[in-house]
$ cat model_22.txt   # compact mmCIF, C-alpha atoms
# COMPACT_ATOMS: atom_id res chain seq x y z
CA MET A 1 0.00 0.00 0.00
CA SER A 2 2.77 2.47 0.83
CA ALA A 3 4.19 2.21 -2.70
CA GLN A 4 0.81 3.15 -4.15
CA LEU A 5 0.50 6.09 -1.79
CA LEU A 6 3.93 7.29 -2.87
CA VAL A 7 2.72 7.24 -6.47
CA VAL A 8 -0.40 9.18 -5.43
CA LYS A 9 1.78 11.78 -3.74
CA ARG A 10 4.06 12.04 -6.79
CA LEU A 11 1.07 12.46 -9.12
CA PHE A 12 -0.28 15.19 -6.86
CA LEU A 13 3.05 17.04 -6.73
CA GLU A 14 3.46 16.84 -10.51
CA ALA A 15 -0.10 18.12 -10.94
CA LYS A 16 0.67 21.01 -8.60
CA ASN A 17 3.70 21.96 -10.68
CA PHE A 18 1.67 21.95 -13.89
CA ALA A 19 -1.19 23.88 -12.24
CA GLU A 20 1.19 26.71 -11.33
CA GLN A 21 2.02 27.30 -15.01
CA THR A 22 0.03 29.70 -17.17
CA ASP A 23 -0.06 27.46 -20.23
CA PRO A 24 -3.57 26.06 -20.98
CA ILE A 25 -2.08 22.70 -21.92
CA ALA A 26 -0.38 22.53 -18.53
CA ALA A 27 -3.79 23.05 -16.90
CA GLY A 28 -5.15 20.04 -18.78
CA ILE A 29 -2.18 17.93 -17.76
CA ALA A 30 -2.65 19.03 -14.13
CA THR A 31 -6.31 18.03 -14.25
CA SER A 32 -5.48 14.63 -15.70
CA LEU A 33 -2.77 13.98 -13.11
CA LEU A 34 -5.08 14.97 -10.25
CA GLN A 35 -7.78 12.66 -11.57
CA ASP A 36 -5.26 9.81 -11.73
CA ALA A 37 -4.10 10.56 -8.19
CA VAL A 38 -7.64 10.49 -6.81
CA GLU A 39 -8.53 7.29 -8.65
CA LEU A 40 -5.39 5.53 -7.43
CA TYR A 41 -6.03 6.72 -3.87
CA LEU A 42 -9.60 5.39 -3.95
CA TRP A 43 -8.44 2.11 -5.48
CA THR A 44 -5.80 1.75 -2.78
CA LEU A 45 -8.42 2.29 -0.06
CA ILE A 46 -10.75 -0.21 -1.68
CA LYS A 47 -8.07 -2.89 -1.84
CA GLU A 48 -6.72 -2.16 1.66
CA ARG A 49 -10.19 -2.48 3.16
CA ASN A 50 -11.13 -5.53 1.07
CA ILE A 51 -14.19 -3.78 -0.35
CA GLN A 52 -15.80 -5.77 -3.13
CA VAL A 53 -16.11 -3.94 -6.45
CA LYS A 54 -16.86 -5.15 -9.95
CA ASP A 55 -14.45 -4.72 -12.84
CA ASN A 56 -16.90 -2.45 -14.63
CA ASP A 57 -17.83 -0.28 -11.61
CA SER A 58 -17.57 3.44 -12.22
CA PHE A 59 -15.66 6.05 -10.26
CA VAL A 60 -18.91 7.11 -8.58
CA MET A 61 -19.57 3.50 -7.58
CA TYR A 62 -16.12 3.35 -5.97
CA LEU A 63 -17.04 6.40 -3.90
CA GLN A 64 -20.40 4.93 -2.93
CA ARG A 65 -18.88 1.61 -1.87
CA LEU A 66 -16.21 3.38 0.18
CA LEU A 67 -18.73 5.63 1.89
CA SER A 68 -21.02 2.72 2.66
CA SER A 69 -18.26 0.61 4.20
CA ALA A 70 -18.75 0.64 7.95
CA ASP A 71 -15.07 0.72 8.81
CA LEU A 72 -14.19 3.71 6.62
CA ILE A 73 -15.62 6.50 8.75
CA ASN A 74 -15.67 6.45 12.52
CA VAL A 75 -17.40 9.67 13.38
CA SER A 76 -18.35 10.40 16.95
CA PRO A 77 -20.61 13.36 17.77
$ encode --input "model_22.txt" --output "structure tokens"
Amino acid sequence: MSAQLLVVKRLFLEAKNFAEQTDPIAAGIATSLLQDAVELYLWTLIKERNIQVKDNDSFVMYLQRLLSSADLINVSP
């Protein structure tokens, strides 16, 4: 898991560098890198928590399955 999180961090840092540029193409690259970082982070959480997903599940379905997993959020009032 730690290797995947290092990749997520690297993707985020690269996206940040592109986002700081004024070039419109750099903005598109930043967006793409951020999307990849978020997807990899969610996938890492899903695998770490042994949450069952289908091969054809969408990004939104990943979010729903994570949010519905009882062990993901321990919120106390």
$ atom_distance --input "model_22.txt" --atom1 "CA of Thr31 (chain A)" --atom2 "CA of Ser2 (chain A)"
23.5 Å
$ closest_residue --input "model_22.txt" --among "A:Leu66, A:Ala26, A:Ala19, A:Leu6" --to "Ile46 (chain A)" --atoms "all atoms listed in the file"
A:Leu66
$ closest_residue --input "model_22.txt" --among "A:Phe59, A:Leu13, A:Phe18, A:Ser69" --to "Leu40 (chain A)" --atoms "only C-alpha atoms"
A:Phe59
$ axis_aligned_box --input "model_22.txt" --around "region 15-21 of chain A" --padding-each-side "3 Å" --output "lines of an AutoDock Vina configuration file"
center_x = 1.3
center_y = 22.7
center_z = -11.8
size_x = 10.9
size_y = 15.2
size_z = 12.4
$ closest_residue --input "model_22.txt" --among "A:Ala37, A:Arg65, A:Asn17, A:Ile29" --to "Arg49 (chain A)" --atoms "only C-alpha atoms"
A:Arg65
$ atom_distance --input "model_22.txt" --atom1 "CA of Asn56 (chain A)" --atom2 "CA of Ser68 (chain A)"
18.5 Å
$ atom_distance --input "model_22.txt" --atom1 "CA of Leu33 (chain A)" --atom2 "CA of Val7 (chain A)"
10.9 Å
$ decode --input "model_22.txt" --residues "region 38-52 of chain A" --atoms "N, CA and C atoms" --output "mmCIF file, in the first residue's frame"
data_model
loop_
_atom_site.group_PDB
_atom_site.id
_atom_site.type_symbol
_atom_site.label_atom_id
_atom_site.label_comp_id
_atom_site.auth_asym_id
_atom_site.auth_seq_id
_atom_site.Cartn_x
_atom_site.Cartn_y
_atom_site.Cartn_z
ATOM 1 N N VAL A 38 -6.433 10.786 -7.585
ATOM 2 C CA VAL A 38 -7.642 10.486 -6.807
ATOM 3 C C VAL A 38 -8.099 9.056 -7.070
ATOM 4 N N GLU A 39 -8.107 8.653 -8.331
ATOM 5 C CA GLU A 39 -8.534 7.293 -8.653
ATOM 6 C C GLU A 39 -7.619 6.252 -8.012
ATOM 7 N N LEU A 40 -6.324 6.472 -8.051
ATOM 8 C CA LEU A 40 -5.394 5.527 -7.430
ATOM 9 C C LEU A 40 -5.562 5.505 -5.916
ATOM 10 N N TYR A 41 -5.798 6.660 -5.318
ATOM 11 C CA TYR A 41 -6.027 6.724 -3.874
ATOM 12 C C TYR A 41 -7.281 5.930 -3.489
ATOM 13 N N LEU A 42 -8.366 6.134 -4.233
ATOM 14 C CA LEU A 42 -9.595 5.386 -3.948
ATOM 15 C C LEU A 42 -9.382 3.891 -4.141
ATOM 16 N N TRP A 43 -8.689 3.524 -5.215
ATOM 17 C CA TRP A 43 -8.443 2.111 -5.484
ATOM 18 C C TRP A 43 -7.604 1.489 -4.365
ATOM 19 N N THR A 44 -6.629 2.239 -3.874
ATOM 20 C CA THR A 44 -5.797 1.754 -2.777
ATOM 21 C C THR A 44 -6.627 1.529 -1.521
ATOM 22 N N LEU A 45 -7.525 2.464 -1.214
ATOM 23 C CA LEU A 45 -8.416 2.292 -0.059
ATOM 24 C C LEU A 45 -9.315 1.079 -0.222
ATOM 25 N N ILE A 46 -9.858 0.912 -1.415
ATOM 26 C CA ILE A 46 -10.753 -0.214 -1.676
ATOM 27 C C ILE A 46 -10.019 -1.539 -1.455
ATOM 28 N N LYS A 47 -8.824 -1.648 -1.990
ATOM 29 C CA LYS A 47 -8.068 -2.890 -1.843
ATOM 30 C C LYS A 47 -7.607 -3.106 -0.400
ATOM 31 N N GLU A 48 -7.182 -2.046 0.266
ATOM 32 C CA GLU A 48 -6.720 -2.162 1.656
ATOM 33 C C GLU A 48 -7.847 -2.607 2.585
ATOM 34 N N ARG A 49 -9.043 -2.165 2.307
ATOM 35 C CA ARG A 49 -10.193 -2.478 3.164
ATOM 36 C C ARG A 49 -10.988 -3.685 2.665
ATOM 37 N N ASN A 50 -10.475 -4.343 1.629
ATOM 38 C CA ASN A 50 -11.132 -5.534 1.065
ATOM 39 C C ASN A 50 -12.589 -5.274 0.691
ATOM 40 N N ILE A 51 -12.847 -4.132 0.104
ATOM 41 C CA ILE A 51 -14.191 -3.785 -0.350
ATOM 42 C C ILE A 51 -14.395 -4.410 -1.725
ATOM 43 N N GLN A 52 -15.510 -5.091 -1.875
ATOM 44 C CA GLN A 52 -15.799 -5.765 -3.132
ATOM 45 C C GLN A 52 -16.313 -4.774 -4.175
#
